Structure formats: C-alpha cells, structure tokens
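Here's the structure we're looking at; comments come further down.
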Amino acid sequence: MNDLARRKLFRALQDYVNTGDSFDSFRRFRTKWPMFFHEADYEEVEQQIRAGVEEEACFFPKYKSYLRAIWEQSDRQAASRRQSDPSRNADRLLIMLGVRDDLIFNYTQDMMVEDMMVATPHLHYVNTWFARYIPDWRSGEFIYKAVVPFQEALFALFKSSWRARICPLEDDCNSPCSTPYFIAEKPRQKYCSTECSNIAKSKVRNKWWSKHGKSWRKKRNLKK
Ligand SMILES: [Zn+2]
C-alpha cells in the first residue's frame, strides 16, 4: 500500500470513529466515503437505523464503539482514566478484521401461535466480510487480504497502533474537541489538529500570565 492510499484510509477511519450517533451523521459519512464499506452494507445499515434495531445487530454503531474502546486502550493517558479490557479488545479486532464471524441472536417479535406475541431468536450475521490469508511460500508468512477498505484501514492501524490517540481537549470545558479520536502522523503529535494544539498553547500562555503576569510587569517597569 502506498503512502497516499494509506493516508486516505486513515482519514476515513478517523472520520468513522468520530461519527455522531444521529442518522444524519451516518448519512454524511456515507456521502463522504461511499467506498469505505460496501454499498449493500450501507443500504442495510440505513434500513436498520430507520427500523430502530439495537446497536448489537448493526455493524455501523457497534464497530464504532468497538473502535473507541480500542483507541482508549491504545492511548495511555486515556486508558488510565477509563477501564479497558485488553482481551475484549482482541475479540473485537478479530471480528472487525474478519477473522471471526460476527454472528448474533437477534430477537424479534413474531406474530405466532394464535396471536400470541412470541420472541423468536433469529441468527443474524452482522457483517459478511471474511478476510483471507494467503500463504506466501517465499516469505513463509500469511498475507492478510481485507475484503473491505474499512478492514484495510484497520489492519494498517493495527500494524502501527501507536498512531491511535485521543486529543487531550476531548473533555475540555471551554472548547471541547469535536474529533477527539485521531490517527497521529508522527510520534510527537499530541493533538488532533493545529486548531486544538493552538488552543492548548494559548491556554498555557493565559495560565502563565494569570500566575506570573503581575510580577513580570512589575520587573519590566523597574527596568525602565
Ligand atoms: Zn482535538
């Protein structure tokens, strides 16, 4: 994968993990990244959200919260604030990367047995993206083959997991970050964007001024 392709995949993945919960947010994401998931998958999600299915049965909101949990575990500062469970995150990765089925019981109400409402379990695949592993005789390794760009993006992130970070302005009371989950381009990058980094810098400056400003001005006046 070349650098440009990887960056584009990361941008899409970053938009996905920051997507809001509303139907409109989903629609905006779909319009912006029509190829990130299969067309048929987007269609299904649209119907599912309209029908109001639970999160467990619909990959779009479900995997978004899986990703957030993984991000929280990956970001050391965030992980210390929250409880995270690495083994659960390993399961989540197996499902999202298409190594394991995401097969759930989806209980729906059926009108059966003389108009009695009976809850019937339906087995339901949340997605059908079964990734492949191609054995490479020369290298002696299995090569992961994603079947949807989302998996390709996630696999690329998996191989450089230090990139998954949370913007420190996430819970800021004055200027909360609207895209706190980000994929860092460089190891030193601390904030999601230059905007957030500038806000943080001016905060430090203001703090310094409110603490030392008075004595600084005094000293300067004495020098005159
Ligand atoms: Zn930010």
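Convention: chains lettered A, B, ... in structure tokens order; per-chain residue numbering from 1; ligands numbered from 1 as shown.
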
Can you check which parts of chain A lie within 10 Å of ligand 1? Per residue, the shortest pair of atoms and distance in Å to one decimal, counting only C-alpha atoms and all ligand atoms, sorted by chain and number, as JSON lines.
```
{"residue": "A:Ile166", "atom": "CA", "partner": "ligand 1", "partner_atom_place_in_ligand_line": "1 (Zn)", "distance": 7.9}
{"residue": "A:Cys167", "atom": "CA", "partner": "ligand 1", "partner_atom_place_in_ligand_line": "1 (Zn)", "distance": 4.7}
{"residue": "A:Pro168", "atom": "CA", "partner": "ligand 1", "partner_atom_place_in_ligand_line": "1 (Zn)", "distance": 6.9}
{"residue": "A:Leu169", "atom": "CA", "partner": "ligand 1", "partner_atom_place_in_ligand_line": "1 (Zn)", "distance": 5.5}
{"residue": "A:Glu170", "atom": "CA", "partner": "ligand 1", "partner_atom_place_in_ligand_line": "1 (Zn)", "distance": 6.4}
{"residue": "A:Asp171", "atom": "CA", "partner": "ligand 1", "partner_atom_place_in_ligand_line": "1 (Zn)", "distance": 9.8}
{"residue": "A:Asp172", "atom": "CA", "partner": "ligand 1", "partner_atom_place_in_ligand_line": "1 (Zn)", "distance": 9.6}
{"residue": "A:Ser175", "atom": "CA", "partner": "ligand 1", "partner_atom_place_in_ligand_line": "1 (Zn)", "distance": 9.2}
{"residue": "A:Pro176", "atom": "CA", "partner": "ligand 1", "partner_atom_place_in_ligand_line": "1 (Zn)", "distance": 7.6}
{"residue": "A:Cys177", "atom": "CA", "partner": "ligand 1", "partner_atom_place_in_ligand_line": "1 (Zn)", "distance": 4.3}
{"residue": "A:Ser178", "atom": "CA", "partner": "ligand 1", "partner_atom_place_in_ligand_line": "1 (Zn)", "distance": 6.6}
{"residue": "A:Thr179", "atom": "CA", "partner": "ligand 1", "partner_atom_place_in_ligand_line": "1 (Zn)", "distance": 5.7}
{"residue": "A:Pro180", "atom": "CA", "partner": "ligand 1", "partner_atom_place_in_ligand_line": "1 (Zn)", "distance": 5.0}
{"residue": "A:Tyr181", "atom": "CA", "partner": "ligand 1", "partner_atom_place_in_ligand_line": "1 (Zn)", "distance": 8.0}
{"residue": "A:Phe182", "atom": "CA", "partner": "ligand 1", "partner_atom_place_in_ligand_line": "1 (Zn)", "distance": 8.2}
{"residue": "A:Lys190", "atom": "CA", "partner": "ligand 1", "partner_atom_place_in_ligand_line": "1 (Zn)", "distance": 9.1}
{"residue": "A:Tyr191", "atom": "CA", "partner": "ligand 1", "partner_atom_place_in_ligand_line": "1 (Zn)", "distance": 5.5}
{"residue": "A:Cys192", "atom": "CA", "partner": "ligand 1", "partner_atom_place_in_ligand_line": "1 (Zn)", "distance": 4.3}
{"residue": "A:Ser193", "atom": "CA", "partner": "ligand 1", "partner_atom_place_in_ligand_line": "1 (Zn)", "distance": 5.8}
{"residue": "A:Thr194", "atom": "CA", "partner": "ligand 1", "partner_atom_place_in_ligand_line": "1 (Zn)", "distance": 8.4}
{"residue": "A:Glu195", "atom": "CA", "partner": "ligand 1", "partner_atom_place_in_ligand_line": "1 (Zn)", "distance": 7.4}
{"residue": "A:Cys196", "atom": "CA", "partner": "ligand 1", "partner_atom_place_in_ligand_line": "1 (Zn)", "distance": 4.7}
{"residue": "A:Ser197", "atom": "CA", "partner": "ligand 1", "partner_atom_place_in_ligand_line": "1 (Zn)", "distance": 7.5}
{"residue": "A:Ile199", "atom": "CA", "partner": "ligand 1", "partner_atom_place_in_ligand_line": "1 (Zn)", "distance": 9.2}
{"residue": "A:Ala200", "atom": "CA", "partner": "ligand 1", "partner_atom_place_in_ligand_line": "1 (Zn)", "distance": 9.5}
```

Store the residues of this selection in a file with N, CA and C atoms, as a PDB file, in the first residue's frame.
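Saved result, part_35.pdb, follows:
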```
ATOM      1  N   ILE A 166      -5.979   9.966  21.533  1.00  0.00           N
ATOM      2  CA  ILE A 166      -7.143  10.780  21.874  1.00  0.00           C
ATOM      3  C   ILE A 166      -6.673  12.200  22.186  1.00  0.00           C
ATOM      4  N   CYS A 167      -7.339  13.148  21.585  1.00  0.00           N
ATOM      5  CA  CYS A 167      -6.961  14.551  21.755  1.00  0.00           C
ATOM      6  C   CYS A 167      -7.161  14.970  23.219  1.00  0.00           C
ATOM      7  N   PRO A 168      -6.149  15.600  23.839  1.00  0.00           N
ATOM      8  CA  PRO A 168      -6.288  15.989  25.245  1.00  0.00           C
ATOM      9  C   PRO A 168      -7.426  16.993  25.485  1.00  0.00           C
ATOM     10  N   LEU A 169      -7.916  17.647  24.431  1.00  0.00           N
ATOM     11  CA  LEU A 169      -9.027  18.595  24.621  1.00  0.00           C
ATOM     12  C   LEU A 169     -10.394  17.904  24.550  1.00  0.00           C
ATOM     13  N   GLU A 170     -10.370  16.562  24.576  1.00  0.00           N
ATOM     14  CA  GLU A 170     -11.612  15.794  24.482  1.00  0.00           C
ATOM     15  C   GLU A 170     -12.694  16.292  25.442  1.00  0.00           C
ATOM     16  N   ASP A 171     -12.352  16.448  26.719  1.00  0.00           N
ATOM     17  CA  ASP A 171     -13.337  16.833  27.734  1.00  0.00           C
ATOM     18  C   ASP A 171     -13.148  18.273  28.186  1.00  0.00           C
ATOM     19  N   ASP A 172     -12.535  19.076  27.348  1.00  0.00           N
ATOM     20  CA  ASP A 172     -12.272  20.451  27.755  1.00  0.00           C
ATOM     21  C   ASP A 172     -13.587  21.207  27.961  1.00  0.00           C
ATOM     22  N   SER A 175     -13.576  24.561  25.336  1.00  0.00           N
ATOM     23  CA  SER A 175     -13.539  24.281  23.899  1.00  0.00           C
ATOM     24  C   SER A 175     -13.323  22.795  23.658  1.00  0.00           C
ATOM     25  N   PRO A 176     -14.376  21.971  23.920  1.00  0.00           N
ATOM     26  CA  PRO A 176     -14.206  20.520  23.736  1.00  0.00           C
ATOM     27  C   PRO A 176     -13.933  20.170  22.271  1.00  0.00           C
ATOM     28  N   CYS A 177     -13.019  19.241  22.079  1.00  0.00           N
ATOM     29  CA  CYS A 177     -12.644  18.815  20.727  1.00  0.00           C
ATOM     30  C   CYS A 177     -13.789  18.009  20.104  1.00  0.00           C
ATOM     31  N   SER A 178     -14.108  18.318  18.841  1.00  0.00           N
ATOM     32  CA  SER A 178     -15.221  17.613  18.195  1.00  0.00           C
ATOM     33  C   SER A 178     -14.757  16.345  17.490  1.00  0.00           C
ATOM     34  N   THR A 179     -13.437  16.180  17.328  1.00  0.00           N
ATOM     35  CA  THR A 179     -12.912  14.965  16.677  1.00  0.00           C
ATOM     36  C   THR A 179     -11.786  14.383  17.533  1.00  0.00           C
ATOM     37  N   PRO A 180     -12.107  13.967  18.778  1.00  0.00           N
ATOM     38  CA  PRO A 180     -11.032  13.593  19.704  1.00  0.00           C
ATOM     39  C   PRO A 180     -10.244  12.325  19.325  1.00  0.00           C
ATOM     40  N   TYR A 181     -10.871  11.405  18.576  1.00  0.00           N
ATOM     41  CA  TYR A 181     -10.152  10.166  18.218  1.00  0.00           C
ATOM     42  C   TYR A 181      -9.368  10.439  16.947  1.00  0.00           C
ATOM     43  N   PHE A 182      -8.056  10.360  17.030  1.00  0.00           N
ATOM     44  CA  PHE A 182      -7.300  10.655  15.812  1.00  0.00           C
ATOM     45  C   PHE A 182      -6.180   9.664  15.567  1.00  0.00           C
ATOM     46  N   LYS A 190       0.565  15.388  19.445  1.00  0.00           N
ATOM     47  CA  LYS A 190      -0.184  15.202  20.674  1.00  0.00           C
ATOM     48  C   LYS A 190      -1.659  15.564  20.493  1.00  0.00           C
ATOM     49  N   TYR A 191      -1.917  16.532  19.628  1.00  0.00           N
ATOM     50  CA  TYR A 191      -3.298  16.999  19.429  1.00  0.00           C
ATOM     51  C   TYR A 191      -3.816  16.557  18.070  1.00  0.00           C
ATOM     52  N   CYS A 192      -5.148  16.522  17.944  1.00  0.00           N
ATOM     53  CA  CYS A 192      -5.747  16.027  16.704  1.00  0.00           C
ATOM     54  C   CYS A 192      -5.509  16.968  15.537  1.00  0.00           C
ATOM     55  N   SER A 193      -5.354  18.267  15.816  1.00  0.00           N
ATOM     56  CA  SER A 193      -5.264  19.246  14.736  1.00  0.00           C
ATOM     57  C   SER A 193      -4.452  20.451  15.205  1.00  0.00           C
ATOM     58  N   THR A 194      -4.077  21.325  14.249  1.00  0.00           N
ATOM     59  CA  THR A 194      -3.374  22.549  14.650  1.00  0.00           C
ATOM     60  C   THR A 194      -4.302  23.442  15.459  1.00  0.00           C
ATOM     61  N   GLU A 195      -5.615  23.406  15.172  1.00  0.00           N
ATOM     62  CA  GLU A 195      -6.558  24.226  15.944  1.00  0.00           C
ATOM     63  C   GLU A 195      -6.472  23.857  17.427  1.00  0.00           C
ATOM     64  N   CYS A 196      -6.594  22.560  17.698  1.00  0.00           N
ATOM     65  CA  CYS A 196      -6.569  22.121  19.101  1.00  0.00           C
ATOM     66  C   CYS A 196      -5.213  22.424  19.744  1.00  0.00           C
ATOM     67  N   SER A 197      -4.153  22.232  18.980  1.00  0.00           N
ATOM     68  CA  SER A 197      -2.827  22.494  19.531  1.00  0.00           C
ATOM     69  C   SER A 197      -2.671  23.985  19.843  1.00  0.00           C
ATOM     70  N   ILE A 199      -5.157  26.088  20.607  1.00  0.00           N
ATOM     71  CA  ILE A 199      -5.991  26.360  21.785  1.00  0.00           C
ATOM     72  C   ILE A 199      -5.222  25.992  23.057  1.00  0.00           C
ATOM     73  N   ALA A 200      -4.591  24.805  23.013  1.00  0.00           N
ATOM     74  CA  ALA A 200      -3.838  24.339  24.180  1.00  0.00           C
ATOM     75  C   ALA A 200      -2.677  25.281  24.492  1.00  0.00           C
TER      76      ALA A 200
END
```

Set the distance at 7 Å and use only C-alpha atoms: which residues neighbour range 7-17 of chain A once local chain neighbours fewer than 6 positions away are removed? I'd like the list as a PyMOL selection string.
chain A and resi 33+64+67-68+150+153+181-183

Limited to C-alpha atoms, could you put the picked residues into a file as an mmCIF file, in the first residue's frame?
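Resulting contents of selection_0.cif:
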```cif
data_model
loop_
_atom_site.group_PDB
_atom_site.id
_atom_site.type_symbol
_atom_site.label_atom_id
_atom_site.label_comp_id
_atom_site.auth_asym_id
_atom_site.auth_seq_id
_atom_site.Cartn_x
_atom_site.Cartn_y
_atom_site.Cartn_z
ATOM 1 C CA TRP A 33 -16.787 7.923 1.979
ATOM 2 C CA LYS A 64 -17.686 2.493 16.064
ATOM 3 C CA LEU A 67 -13.008 1.207 17.809
ATOM 4 C CA ARG A 68 -13.427 3.822 20.517
ATOM 5 C CA PHE A 150 -12.501 -0.459 6.373
ATOM 6 C CA ALA A 153 -7.520 0.754 7.164
ATOM 7 C CA TYR A 181 -10.152 10.166 18.218
ATOM 8 C CA PHE A 182 -7.300 10.655 15.812
ATOM 9 C CA ILE A 183 -4.574 8.847 13.912
#
```

Please report, as number ranges by chain, each residue of range 16-75 of chain A to which DSSP assigns helix (DSSP H, G or I) when run on this structure's backbone.
A: 16-17, 23-32, 39-51, 55-57, 59-74

Please extract the residues of range 46-194 of chain A with a backbone DSSP assignment of strand (DSSP E) and present them as a PyMOL selection string.
chain A and resi 103-112+116-125+132-136+141-145+164-166+181-183

So that I can check the surroundings of Tyr133 in chain A, please list as a ChimeraX atom specification every protein, DNA and RNA residue that reaches within 10 Å of it, counting only C-alpha atoms and ignoring chain neighbours fewer than 2 positions away.
/A:99,130-131,135-136,141-146

Nearest to Phe60 in chain A: which of A:His38, A:Lys214, A:Lys219, A:Arg76 is it, counting only C-alpha atoms?
A:His38

CA of Glu54 in chain A to CA of Asn106 in chain A measures 8.9 Å
